[in-house]
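Visitor: What follows is the file target.pdb, containing PDB, C-alpha atoms, pLDDT in the B column:
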ATOM      1  CA  MET A 162     -33.679  37.735  17.110  1.00 52.00           C
ATOM      2  CA  LEU A 163     -31.182  37.039  19.886  1.00 51.00           C
ATOM      3  CA  THR A 164     -33.840  35.095  21.819  1.00 61.00           C
ATOM      4  CA  SER A 165     -34.527  33.004  18.738  1.00 66.00           C
ATOM      5  CA  PHE A 166     -30.821  32.265  18.325  1.00 58.00           C
ATOM      6  CA  CYS A 167     -30.465  31.342  22.008  1.00 64.00           C
ATOM      7  CA  ASN A 168     -33.417  28.977  21.704  1.00 69.00           C
ATOM      8  CA  GLU A 169     -31.847  27.321  18.650  1.00 73.00           C
ATOM      9  CA  SER A 170     -28.343  27.272  20.136  1.00 87.00           C
ATOM     10  CA  PRO A 171     -28.583  23.849  21.895  1.00 85.00           C
ATOM     11  CA  LYS A 172     -29.935  22.304  18.674  1.00 86.00           C
ATOM     12  CA  PHE A 173     -27.148  23.910  16.656  1.00 87.00           C
ATOM     13  CA  ILE A 174     -24.510  22.695  19.148  1.00 89.00           C
ATOM     14  CA  HIS A 175     -25.956  19.185  19.035  1.00 91.00           C
ATOM     15  CA  GLU A 176     -25.872  19.156  15.218  1.00 91.00           C
ATOM     16  CA  ALA A 177     -22.310  20.490  15.210  1.00 92.00           C
ATOM     17  CA  GLN A 178     -21.256  17.763  17.653  1.00 94.00           C
ATOM     18  CA  ARG A 179     -22.875  15.108  15.437  1.00 95.00           C
ATOM     19  CA  PHE A 180     -21.048  16.519  12.427  1.00 96.00           C
ATOM     20  CA  ILE A 181     -17.726  16.478  14.320  1.00 96.00           C
ATOM     21  CA  HIS A 182     -18.330  12.885  15.378  1.00 97.00           C
ATOM     22  CA  LYS A 183     -19.091  11.843  11.780  1.00 97.00           C
ATOM     23  CA  ALA A 184     -15.995  13.674  10.546  1.00 98.00           C
ATOM     24  CA  GLN A 185     -13.855  11.918  13.175  1.00 98.00           C
ATOM     25  CA  ARG A 186     -15.237   8.540  12.079  1.00 98.00           C
ATOM     26  CA  PHE A 187     -14.478   9.433   8.466  1.00 98.00           C
ATOM     27  CA  ILE A 188     -10.900  10.401   9.389  1.00 98.00           C
ATOM     28  CA  HIS A 189     -10.450   7.161  11.321  1.00 98.00           C
ATOM     29  CA  GLU A 190     -11.753   5.131   8.354  1.00 98.00           C
ATOM     30  CA  ALA A 191      -9.458   7.018   5.961  1.00 98.00           C
ATOM     31  CA  GLN A 192      -6.479   6.311   8.236  1.00 98.00           C
ATOM     32  CA  ARG A 193      -7.422   2.631   8.251  1.00 98.00           C
ATOM     33  CA  PHE A 194      -7.515   2.603   4.424  1.00 98.00           C
ATOM     34  CA  ILE A 195      -4.129   4.345   4.279  1.00 98.00           C
ATOM     35  CA  HIS A 196      -2.652   1.765   6.651  1.00 98.00           C
ATOM     36  CA  GLU A 197      -4.088  -1.077   4.543  1.00 98.00           C
ATOM     37  CA  ALA A 198      -2.720   0.508   1.352  1.00 98.00           C
ATOM     38  CA  GLN A 199       0.712   0.841   2.961  1.00 98.00           C
ATOM     39  CA  ARG A 200       0.583  -2.861   3.838  1.00 98.00           C
ATOM     40  CA  PHE A 201      -0.251  -3.749   0.220  1.00 98.00           C
ATOM     41  CA  ILE A 202       2.519  -1.476  -1.083  1.00 98.00           C
ATOM     42  CA  HIS A 203       5.028  -3.086   1.270  1.00 98.00           C
ATOM     43  CA  GLU A 204       3.981  -6.577   0.115  1.00 98.00           C
ATOM     44  CA  ALA A 205       4.157  -5.503  -3.541  1.00 98.00           C
ATOM     45  CA  GLN A 206       7.659  -4.122  -3.000  1.00 98.00           C
ATOM     46  CA  ARG A 207       8.688  -7.400  -1.370  1.00 98.00           C
ATOM     47  CA  LEU A 208       7.299  -9.373  -4.327  1.00 98.00           C
ATOM     48  CA  ILE A 209       9.025  -7.066  -6.834  1.00 98.00           C
ATOM     49  CA  HIS A 210      12.313  -7.542  -5.004  1.00 98.00           C
ATOM     50  CA  GLU A 211      11.848 -11.330  -5.051  1.00 98.00           C
ATOM     51  CA  ALA A 212      10.976 -11.263  -8.770  1.00 98.00           C
ATOM     52  CA  GLN A 213      14.097  -9.205  -9.494  1.00 98.00           C
ATOM     53  CA  ARG A 214      16.176 -11.695  -7.537  1.00 98.00           C
ATOM     54  CA  LEU A 215      14.693 -14.589  -9.548  1.00 98.00           C
ATOM     55  CA  ILE A 216      15.314 -12.761 -12.857  1.00 98.00           C
ATOM     56  CA  HIS A 217      18.918 -12.154 -11.836  1.00 98.00           C
ATOM     57  CA  GLU A 218      19.327 -15.843 -10.945  1.00 98.00           C
ATOM     58  CA  ALA A 219      17.744 -16.911 -14.256  1.00 98.00           C
ATOM     59  CA  GLN A 220      20.095 -14.607 -16.173  1.00 98.00           C
ATOM     60  CA  ARG A 221      23.041 -16.090 -14.289  1.00 98.00           C
ATOM     61  CA  LEU A 222      21.892 -19.626 -15.188  1.00 98.00           C
ATOM     62  CA  ILE A 223      21.424 -18.660 -18.864  1.00 98.00           C
ATOM     63  CA  HIS A 224      24.915 -17.176 -18.932  1.00 98.00           C
ATOM     64  CA  GLU A 225      26.322 -20.333 -17.340  1.00 98.00           C
ATOM     65  CA  ALA A 226      24.445 -22.544 -19.846  1.00 98.00           C
ATOM     66  CA  GLN A 227      25.763 -20.460 -22.760  1.00 97.00           C
ATOM     67  CA  ARG A 228      29.275 -20.778 -21.384  1.00 96.00           C
ATOM     68  CA  LEU A 229      28.898 -24.569 -21.132  1.00 96.00           C
ATOM     69  CA  ILE A 230      27.512 -24.796 -24.686  1.00 96.00           C
ATOM     70  CA  HIS A 231      30.435 -22.736 -25.961  1.00 96.00           C
ATOM     71  CA  GLU A 232      32.841 -24.945 -24.037  1.00 94.00           C
ATOM     72  CA  ALA A 233      31.209 -28.103 -25.455  1.00 93.00           C
ATOM     73  CA  HIS A 234      31.533 -26.792 -28.995  1.00 91.00           C
ATOM     74  CA  THR A 235      35.146 -25.931 -28.411  1.00 90.00           C
ATOM     75  CA  ILE A 236      35.886 -29.424 -27.096  1.00 88.00           C
ATOM     76  CA  SER A 237      34.069 -31.130 -30.023  1.00 78.00           C
ATOM     77  CA  LEU A 238      36.237 -29.284 -32.545  1.00 70.00           C
TER      78      LEU A 238
END
As structure tokens, please, write out the structure in this file.

Guide:
Amino acid sequence: MLTSFCNESPKFIHEAQRFIHKAQRFIHEAQRFIHEAQRFIHEAQRLIHEAQRLIHEAQRLIHEAQRLIHEAHTISL
């Protein structure tokens, strides 16, 4: 039994090394996907911030237009 195991040992070690190598490649690929996702999240956050800024500016312009309309009505009376 021990002789059989010793004869199979190099094959087992080789298979284990191949498995480790595949697992390392998988980890590396997963890390690459995580990095890419973080880039997309960062860009999305930047776009959200810009959209919020534009909404705020639009609200300010609406408020200013309403003020001017009110002022025009007041003057025309």

Visitor: What is the distance, in Å and to one decimal place, between atom CA of A:Ala219 and atom CA of A:Phe201?

Guide: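 Interatomic distance, atom CA of A:Ala219 to atom CA of A:Phe201: 26.6 Å.
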
Visitor: So how far away is atom CA of A:Glu197 from atom CA of A:His182, in Å?

Guide: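 It comes out at 22.7 Å.
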
Visitor: If I take atom CA of A:Glu232 and atom CA of A:Gln220, how far is one from the other in Å, to one decimal?

Guide: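 Separation of atom CA of A:Glu232 and atom CA of A:Gln220: 18.2 Å.
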
Visitor: Output as JSON the centre and edge lengths (Å, one decimal) of the box along x, y and z of the file that holds every listed atom of stretch 193-204 of chain A after adding 4 Å on each side.

Guide:
{"center_x": -1.2, "center_y": -1.1, "center_z": 3.6, "size_x": 20.5, "size_y": 18.9, "size_z": 17.3}
